[in-house]
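Below is start-v5.cif, which holds mmCIF, N, CA, C and O atoms.
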```cif
data_start
#
loop_
_atom_site.label_atom_id
_atom_site.label_comp_id
_atom_site.auth_asym_id
_atom_site.auth_seq_id
_atom_site.Cartn_x
_atom_site.Cartn_y
_atom_site.Cartn_z
N MET A 1 113.84 108.88 95.32
CA MET A 1 112.66 108.54 94.54
C MET A 1 112.09 109.81 93.92
O MET A 1 111.79 110.78 94.61
N ILE A 2 111.95 109.83 92.63
CA ILE A 2 111.38 110.96 91.92
C ILE A 2 110.05 110.53 91.33
O ILE A 2 110.00 109.67 90.46
N PRO A 3 108.93 111.05 91.84
CA PRO A 3 107.62 110.57 91.41
C PRO A 3 107.24 110.94 89.99
O PRO A 3 106.37 110.34 89.42
N TYR A 4 107.86 111.93 89.42
CA TYR A 4 107.57 112.32 88.06
C TYR A 4 108.82 112.94 87.48
O TYR A 4 109.78 113.19 88.19
N ASN A 5 108.83 113.21 86.21
CA ASN A 5 110.01 113.74 85.54
C ASN A 5 110.31 115.15 86.05
O ASN A 5 109.60 116.09 85.74
N VAL A 6 111.36 115.29 86.83
CA VAL A 6 111.71 116.57 87.40
C VAL A 6 113.19 116.82 87.16
O VAL A 6 114.01 115.95 87.37
N ASP A 7 113.50 118.02 86.73
CA ASP A 7 114.88 118.43 86.58
C ASP A 7 115.43 118.72 87.97
O ASP A 7 114.94 119.62 88.66
N MET A 8 116.45 117.94 88.39
CA MET A 8 117.00 118.10 89.73
C MET A 8 117.52 119.52 89.94
O MET A 8 117.40 120.07 91.02
N GLY A 9 118.06 120.14 88.90
CA GLY A 9 118.53 121.52 89.02
C GLY A 9 117.42 122.47 89.43
O GLY A 9 117.62 123.37 90.23
N SER A 10 116.24 122.26 88.89
CA SER A 10 115.13 123.15 89.24
C SER A 10 114.70 122.93 90.70
O SER A 10 114.34 123.88 91.38
N ILE A 11 114.75 121.70 91.17
CA ILE A 11 114.43 121.42 92.58
C ILE A 11 115.45 122.10 93.48
O ILE A 11 115.10 122.76 94.46
N GLU A 12 116.73 121.96 93.14
CA GLU A 12 117.78 122.60 93.94
C GLU A 12 117.63 124.12 93.93
O GLU A 12 117.83 124.78 94.96
N ASN A 13 117.25 124.68 92.78
CA ASN A 13 117.02 126.13 92.71
C ASN A 13 115.88 126.55 93.61
O ASN A 13 115.96 127.58 94.29
N LEU A 14 114.81 125.77 93.61
CA LEU A 14 113.67 126.09 94.49
C LEU A 14 114.09 126.06 95.95
O LEU A 14 113.74 126.95 96.72
N VAL A 15 114.85 125.04 96.34
CA VAL A 15 115.29 124.93 97.73
C VAL A 15 116.15 126.14 98.11
O VAL A 15 115.97 126.71 99.19
N ARG A 16 117.04 126.56 97.23
CA ARG A 16 117.85 127.75 97.50
C ARG A 16 116.98 129.00 97.65
O ARG A 16 117.22 129.83 98.53
N GLN A 17 115.97 129.11 96.82
CA GLN A 17 115.05 130.25 96.94
C GLN A 17 114.31 130.21 98.28
O GLN A 17 114.13 131.25 98.92
N PHE A 18 113.90 129.02 98.70
CA PHE A 18 113.20 128.87 99.98
C PHE A 18 114.11 129.31 101.12
O PHE A 18 113.66 129.95 102.08
N GLU A 19 115.40 128.93 101.04
CA GLU A 19 116.34 129.30 102.10
C GLU A 19 116.53 130.81 102.17
O GLU A 19 116.63 131.37 103.27
N LYS A 20 116.53 131.46 101.02
CA LYS A 20 116.71 132.92 100.99
C LYS A 20 115.48 133.65 101.51
O LYS A 20 115.60 134.68 102.17
N ASN A 21 114.30 133.15 101.16
CA ASN A 21 113.08 133.85 101.54
C ASN A 21 111.94 132.86 101.79
O ASN A 21 111.13 132.61 100.90
N PRO A 22 111.85 132.31 103.00
CA PRO A 22 110.77 131.37 103.30
C PRO A 22 109.41 132.06 103.42
O PRO A 22 108.39 131.39 103.51
N GLN A 23 109.40 133.38 103.39
CA GLN A 23 108.15 134.13 103.55
C GLN A 23 107.31 134.18 102.27
O GLN A 23 106.12 134.38 102.33
N ASN A 24 107.95 134.03 101.13
CA ASN A 24 107.25 134.26 99.88
C ASN A 24 107.39 133.05 98.95
O ASN A 24 108.02 133.14 97.90
N VAL A 25 106.80 131.94 99.34
CA VAL A 25 106.93 130.68 98.60
C VAL A 25 105.56 130.27 98.08
O VAL A 25 104.59 130.23 98.84
N ARG A 26 105.50 129.96 96.80
CA ARG A 26 104.26 129.45 96.23
C ARG A 26 104.02 128.04 96.77
O ARG A 26 104.92 127.22 96.84
N PHE A 27 102.78 127.77 97.15
CA PHE A 27 102.43 126.46 97.68
C PHE A 27 102.75 125.36 96.68
O PHE A 27 103.26 124.31 97.04
N ALA A 28 102.47 125.60 95.40
CA ALA A 28 102.73 124.59 94.37
C ALA A 28 104.21 124.24 94.30
O ALA A 28 104.58 123.07 94.09
N ASP A 29 105.09 125.23 94.50
CA ASP A 29 106.54 124.96 94.49
C ASP A 29 106.95 124.14 95.70
O ASP A 29 107.76 123.22 95.60
N LEU A 30 106.40 124.47 96.86
CA LEU A 30 106.73 123.71 98.06
C LEU A 30 106.24 122.28 97.93
O LEU A 30 106.96 121.33 98.27
N ARG A 31 105.06 122.10 97.41
CA ARG A 31 104.51 120.76 97.20
C ARG A 31 105.39 119.96 96.24
O ARG A 31 105.67 118.79 96.47
N ARG A 32 105.86 120.60 95.19
CA ARG A 32 106.73 119.95 94.21
C ARG A 32 108.03 119.46 94.87
O ARG A 32 108.48 118.33 94.63
N VAL A 33 108.63 120.29 95.70
CA VAL A 33 109.86 119.92 96.40
C VAL A 33 109.58 118.77 97.38
O VAL A 33 110.33 117.80 97.44
N CYS A 34 108.48 118.86 98.11
CA CYS A 34 108.13 117.80 99.07
C CYS A 34 107.91 116.47 98.35
O CYS A 34 108.38 115.43 98.82
N GLU A 35 107.23 116.49 97.23
CA GLU A 35 106.99 115.25 96.49
C GLU A 35 108.30 114.67 95.96
O GLU A 35 108.47 113.46 95.93
N HIS A 36 109.22 115.52 95.58
CA HIS A 36 110.52 115.04 95.11
C HIS A 36 111.27 114.30 96.21
O HIS A 36 111.78 113.21 96.01
N TYR A 37 111.33 114.90 97.40
CA TYR A 37 112.10 114.33 98.50
C TYR A 37 111.36 113.27 99.30
O TYR A 37 111.97 112.34 99.80
N PHE A 38 110.03 113.39 99.43
CA PHE A 38 109.30 112.54 100.37
C PHE A 38 108.19 111.72 99.73
O PHE A 38 107.50 110.99 100.43
N GLY A 39 108.00 111.82 98.42
CA GLY A 39 106.98 111.04 97.75
C GLY A 39 105.62 111.71 97.80
O GLY A 39 105.49 112.87 98.18
N GLU A 40 104.63 110.95 97.43
CA GLU A 40 103.27 111.49 97.34
C GLU A 40 102.69 111.75 98.72
O GLU A 40 102.89 110.99 99.66
N ALA A 41 101.94 112.83 98.81
CA ALA A 41 101.32 113.21 100.08
C ALA A 41 100.00 112.48 100.26
O ALA A 41 99.36 112.06 99.31
N ARG A 42 99.65 112.34 101.52
CA ARG A 42 98.26 111.96 101.79
C ARG A 42 97.62 113.24 102.30
O ARG A 42 98.24 114.05 102.98
N SER A 43 96.41 113.45 101.89
CA SER A 43 95.74 114.70 102.22
C SER A 43 94.70 114.48 103.29
O SER A 43 94.05 113.44 103.35
N LYS A 44 94.59 115.47 104.13
CA LYS A 44 93.58 115.47 105.17
C LYS A 44 93.03 116.89 105.22
O LYS A 44 93.66 117.78 105.77
N GLY A 45 91.91 117.09 104.56
CA GLY A 45 91.35 118.44 104.47
C GLY A 45 92.26 119.32 103.63
O GLY A 45 92.64 118.95 102.52
N SER A 46 92.65 120.45 104.17
CA SER A 46 93.51 121.37 103.43
C SER A 46 94.99 121.06 103.61
O SER A 46 95.83 121.72 103.02
N HIS A 47 95.31 120.04 104.41
CA HIS A 47 96.70 119.70 104.70
C HIS A 47 97.20 118.60 103.79
O HIS A 47 96.48 117.66 103.46
N SER A 48 98.47 118.72 103.40
CA SER A 48 99.18 117.66 102.68
C SER A 48 100.25 117.14 103.63
O SER A 48 101.10 117.91 104.09
N ILE A 49 100.21 115.85 103.91
CA ILE A 49 101.10 115.25 104.90
C ILE A 49 102.01 114.26 104.19
O ILE A 49 101.54 113.40 103.45
N TYR A 50 103.32 114.40 104.44
CA TYR A 50 104.32 113.56 103.78
C TYR A 50 104.98 112.65 104.80
O TYR A 50 105.22 113.04 105.94
N ARG A 51 105.31 111.44 104.35
CA ARG A 51 106.03 110.49 105.20
C ARG A 51 107.51 110.83 105.23
O ARG A 51 108.08 111.23 104.23
N THR A 52 108.10 110.64 106.39
CA THR A 52 109.55 110.78 106.53
C THR A 52 110.09 109.45 107.02
O THR A 52 109.36 108.68 107.65
N PRO A 53 111.37 109.17 106.75
CA PRO A 53 111.94 107.89 107.19
C PRO A 53 112.28 107.86 108.67
O PRO A 53 112.90 106.93 109.14
N TRP A 54 111.88 108.86 109.43
CA TRP A 54 112.12 108.90 110.87
C TRP A 54 110.82 109.20 111.59
O TRP A 54 109.86 109.66 111.01
N GLU A 55 110.82 108.95 112.87
CA GLU A 55 109.66 109.26 113.69
C GLU A 55 109.84 110.64 114.29
O GLU A 55 110.96 111.06 114.57
N GLY A 56 108.77 111.34 114.51
CA GLY A 56 108.83 112.63 115.17
C GLY A 56 109.22 113.77 114.25
O GLY A 56 109.06 113.69 113.04
N ASP A 57 109.74 114.83 114.86
CA ASP A 57 110.05 116.05 114.12
C ASP A 57 111.37 115.94 113.37
O ASP A 57 112.24 115.20 113.79
N PRO A 58 111.57 116.66 112.31
CA PRO A 58 110.58 117.54 111.70
C PRO A 58 109.57 116.75 110.88
O PRO A 58 109.92 115.87 110.11
N ARG A 59 108.32 117.07 111.12
CA ARG A 59 107.24 116.47 110.34
C ARG A 59 106.98 117.34 109.12
O ARG A 59 107.26 118.53 109.14
N ILE A 60 106.42 116.72 108.10
CA ILE A 60 106.11 117.47 106.88
C ILE A 60 104.60 117.51 106.74
O ILE A 60 103.96 116.54 106.37
N ASN A 61 104.05 118.66 107.08
CA ASN A 61 102.61 118.89 107.04
C ASN A 61 102.44 120.31 106.51
O ASN A 61 102.72 121.27 107.21
N ILE A 62 102.02 120.43 105.25
CA ILE A 62 101.92 121.74 104.65
C ILE A 62 100.47 122.04 104.27
O ILE A 62 99.67 121.12 104.10
N GLN A 63 100.15 123.32 104.14
CA GLN A 63 98.80 123.68 103.72
C GLN A 63 98.84 124.93 102.85
O GLN A 63 99.69 125.80 103.01
N ASP A 64 97.92 124.96 101.93
CA ASP A 64 97.78 126.06 100.99
C ASP A 64 97.09 127.23 101.68
O ASP A 64 96.02 127.07 102.27
N ASP A 65 97.72 128.38 101.63
CA ASP A 65 97.15 129.60 102.21
C ASP A 65 96.99 130.62 101.08
O ASP A 65 97.87 131.44 100.85
N LYS A 66 95.91 130.48 100.32
CA LYS A 66 95.62 131.36 99.18
C LYS A 66 96.76 131.34 98.16
O LYS A 66 97.20 132.38 97.67
N GLY A 67 97.27 130.14 97.87
CA GLY A 67 98.32 129.98 96.87
C GLY A 67 99.73 130.09 97.41
O GLY A 67 100.70 129.84 96.69
N LYS A 68 99.87 130.46 98.65
CA LYS A 68 101.19 130.60 99.28
C LYS A 68 101.37 129.53 100.35
O LYS A 68 100.41 129.01 100.90
N ALA A 69 102.64 129.24 100.65
CA ALA A 69 102.96 128.33 101.74
C ALA A 69 103.23 129.15 103.00
O ALA A 69 103.68 130.29 102.91
N LYS A 70 102.95 128.58 104.13
CA LYS A 70 103.23 129.27 105.39
C LYS A 70 104.73 129.17 105.67
O LYS A 70 105.34 128.12 105.51
N ALA A 71 105.32 130.29 106.09
CA ALA A 71 106.77 130.38 106.27
C ALA A 71 107.30 129.34 107.25
O ALA A 71 108.34 128.73 107.01
N TYR A 72 106.60 129.10 108.36
CA TYR A 72 107.10 128.13 109.33
C TYR A 72 107.09 126.73 108.75
O TYR A 72 107.96 125.91 109.07
N GLN A 73 106.16 126.44 107.84
CA GLN A 73 106.13 125.13 107.20
C GLN A 73 107.27 124.99 106.18
O GLN A 73 107.85 123.92 106.04
N VAL A 74 107.60 126.08 105.51
CA VAL A 74 108.75 126.07 104.59
C VAL A 74 110.01 125.77 105.38
O VAL A 74 110.83 124.93 104.97
N ARG A 75 110.18 126.39 106.54
CA ARG A 75 111.36 126.14 107.38
C ARG A 75 111.39 124.69 107.86
O ARG A 75 112.46 124.07 107.93
N GLN A 76 110.24 124.11 108.19
CA GLN A 76 110.19 122.70 108.60
C GLN A 76 110.61 121.79 107.45
O GLN A 76 111.34 120.82 107.67
N VAL A 77 110.17 122.10 106.24
CA VAL A 77 110.56 121.29 105.07
C VAL A 77 112.06 121.39 104.86
O VAL A 77 112.73 120.37 104.63
N LEU A 78 112.62 122.59 104.95
CA LEU A 78 114.07 122.75 104.79
C LEU A 78 114.84 121.96 105.84
O LEU A 78 115.84 121.30 105.52
N LYS A 79 114.36 121.98 107.06
CA LYS A 79 115.00 121.22 108.14
C LYS A 79 114.94 119.72 107.85
O LYS A 79 115.91 119.00 108.06
N ALA A 80 113.81 119.25 107.35
CA ALA A 80 113.64 117.83 107.03
C ALA A 80 114.56 117.42 105.87
O ALA A 80 115.13 116.33 105.89
N ILE A 81 114.69 118.29 104.88
CA ILE A 81 115.57 117.98 103.75
C ILE A 81 117.02 117.86 104.23
O ILE A 81 117.74 116.93 103.85
N LYS A 82 117.43 118.76 105.10
CA LYS A 82 118.79 118.70 105.65
C LYS A 82 119.00 117.42 106.44
O LYS A 82 120.03 116.77 106.34
N LYS A 83 118.01 117.04 107.21
CA LYS A 83 118.11 115.81 107.99
C LYS A 83 118.17 114.61 107.05
O LYS A 83 118.97 113.69 107.25
N LEU A 84 117.36 114.60 106.01
CA LEU A 84 117.34 113.51 105.05
C LEU A 84 118.68 113.39 104.32
O LEU A 84 119.21 112.30 104.16
N GLU A 85 119.24 114.50 103.91
CA GLU A 85 120.52 114.49 103.19
C GLU A 85 121.69 114.14 104.10
O GLU A 85 122.69 113.62 103.64
N GLY A 86 121.53 114.39 105.41
CA GLY A 86 122.57 114.06 106.36
C GLY A 86 122.63 112.60 106.74
O GLY A 86 123.62 112.10 107.25
N SER A 87 121.54 111.86 106.44
CA SER A 87 121.51 110.45 106.86
C SER A 87 121.97 109.52 105.77
O SER A 87 122.24 109.86 104.67
#
```
Transcribe the structure of this file into structure tokens.
Amino acid sequence: MIPYNVDMGSIENLVRQFEKNPQNVRFADLRRVCEHYFGEARSKGSHSIYRTPWEGDPRINIQDDKGKAKAYQVRQVLKAIKKLEGS
């Protein structure tokens, strides 16, 4: 499900960049990837929470930290994408 017009190549490029360096990821880019794979987020305060087709971990719960994503949350998103693509 693609919620808006997104070039799949650009999403794949972002994911590759995240894998190379999860420390330096723009929050807007992480949100864009999450929306592509998991649909629209529901927000709770500063957190954006995404639904996954499974129960439990990895959960997708990201938050903006002055325009950047937290590295551990980037790694959780990557783990969830791998799980999603494996099923």
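Nearest to Lys79 (chain A) of all the residues A:Pro53, A:Pro58, A:Gly39, A:Gly9 is A:Pro58, counting only N, CA, C and O atoms.
Every residue of chain A found in strand (DSSP E or B) when DSSP is run on the backbone appears here: Arg26, Arg42, Ser43, Lys44, His47, Ser48, Ile49, Tyr50, Ile60, Asn61, Ile62, Gln63, Asp64, Asp65, Lys68 and Ala69 of chain A.
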Output N, CA, C and O atoms of each residue in that selection to a file, as a tab-separated table (two decimals), in the coordinates of the input.
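For reference, again.tsv as written:
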```tsv
chain	number	residue	atom	x	y	z
A	26	ARG	N	105.50	129.96	96.80
A	26	ARG	CA	104.26	129.45	96.23
A	26	ARG	C	104.02	128.04	96.77
A	26	ARG	O	104.92	127.22	96.84
A	42	ARG	N	99.65	112.34	101.52
A	42	ARG	CA	98.26	111.96	101.79
A	42	ARG	C	97.62	113.24	102.30
A	42	ARG	O	98.24	114.05	102.98
A	43	SER	N	96.41	113.45	101.89
A	43	SER	CA	95.74	114.70	102.22
A	43	SER	C	94.70	114.48	103.29
A	43	SER	O	94.05	113.44	103.35
A	44	LYS	N	94.59	115.47	104.13
A	44	LYS	CA	93.58	115.47	105.17
A	44	LYS	C	93.03	116.89	105.22
A	44	LYS	O	93.66	117.78	105.77
A	47	HIS	N	95.31	120.04	104.41
A	47	HIS	CA	96.70	119.70	104.70
A	47	HIS	C	97.20	118.60	103.79
A	47	HIS	O	96.48	117.66	103.46
A	48	SER	N	98.47	118.72	103.40
A	48	SER	CA	99.18	117.66	102.68
A	48	SER	C	100.25	117.14	103.63
A	48	SER	O	101.10	117.91	104.09
A	49	ILE	N	100.21	115.85	103.91
A	49	ILE	CA	101.10	115.25	104.90
A	49	ILE	C	102.01	114.26	104.19
A	49	ILE	O	101.54	113.40	103.45
A	50	TYR	N	103.32	114.40	104.44
A	50	TYR	CA	104.32	113.56	103.78
A	50	TYR	C	104.98	112.65	104.80
A	50	TYR	O	105.22	113.04	105.94
A	60	ILE	N	106.42	116.72	108.10
A	60	ILE	CA	106.11	117.47	106.88
A	60	ILE	C	104.60	117.51	106.74
A	60	ILE	O	103.96	116.54	106.37
A	61	ASN	N	104.05	118.66	107.08
A	61	ASN	CA	102.61	118.89	107.04
A	61	ASN	C	102.44	120.31	106.51
A	61	ASN	O	102.72	121.27	107.21
A	62	ILE	N	102.02	120.43	105.25
A	62	ILE	CA	101.92	121.74	104.65
A	62	ILE	C	100.47	122.04	104.27
A	62	ILE	O	99.67	121.12	104.10
A	63	GLN	N	100.15	123.32	104.14
A	63	GLN	CA	98.80	123.68	103.72
A	63	GLN	C	98.84	124.93	102.85
A	63	GLN	O	99.69	125.80	103.01
A	64	ASP	N	97.92	124.96	101.93
A	64	ASP	CA	97.78	126.06	100.99
A	64	ASP	C	97.09	127.23	101.68
A	64	ASP	O	96.02	127.07	102.27
A	65	ASP	N	97.72	128.38	101.63
A	65	ASP	CA	97.15	129.60	102.21
A	65	ASP	C	96.99	130.62	101.08
A	65	ASP	O	97.87	131.44	100.85
A	68	LYS	N	99.87	130.46	98.65
A	68	LYS	CA	101.19	130.60	99.28
A	68	LYS	C	101.37	129.53	100.35
A	68	LYS	O	100.41	129.01	100.90
A	69	ALA	N	102.64	129.24	100.65
A	69	ALA	CA	102.96	128.33	101.74
A	69	ALA	C	103.23	129.15	103.00
A	69	ALA	O	103.68	130.29	102.91
```
Which residue of A:Ala69, A:Thr52, A:Glu40, A:Ser46 approaches Arg26 (chain A) most closely, using only N, CA, C and O atoms: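 That would be A:Ala69, the residue with the smallest distance to Arg26 (chain A).
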Looking at A:Asp64, A:Glu35, A:Phe18, A:Val74, which one is nearest to Tyr50 (chain A), with distances taken over only N, CA, C and O atoms?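 Smallest distance to Tyr50 (chain A) is found for A:Glu35.
Closest approach to Lys70 (chain A) from the set A:Asp57, A:Lys83, A:Phe27, A:His36 is made by A:Phe27, with distances taken over all atoms listed in the file.
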Find, counting only C-alpha atoms, the residue in A:Tyr72, A:Asp65, A:Arg51, A:Val33 that gets nearest to Gln17 (chain A).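 With only C-alpha atoms as the atom set, the closest residue is A:Val33.
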Atom C of Arg16 (chain A) and atom O of Gly45 (chain A) are how many Å apart?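 Distance between the two atoms: 26.8 Å.
Rounded to one decimal, CA of Ala41 (chain A) and CA of Glu55 (chain A) lie 16.4 Å from each other.
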For the atom pair CA of Asp29 (chain A) and CA of Ser10 (chain A), what is the interatomic distance in Å to one decimal place? 10.2 Å
So that all listed atoms of region 60-66 of chain A fit with 3 Å spare on each side, what axis-aligned box centre and edge lengths in Å, to one decimal, would you give as AutoDock Vina command-line options?
```
--center_x 101.0 --center_y 124.5 --center_z 102.9 --size_x 16.8 --size_y 21.8 --size_z 16.4
```
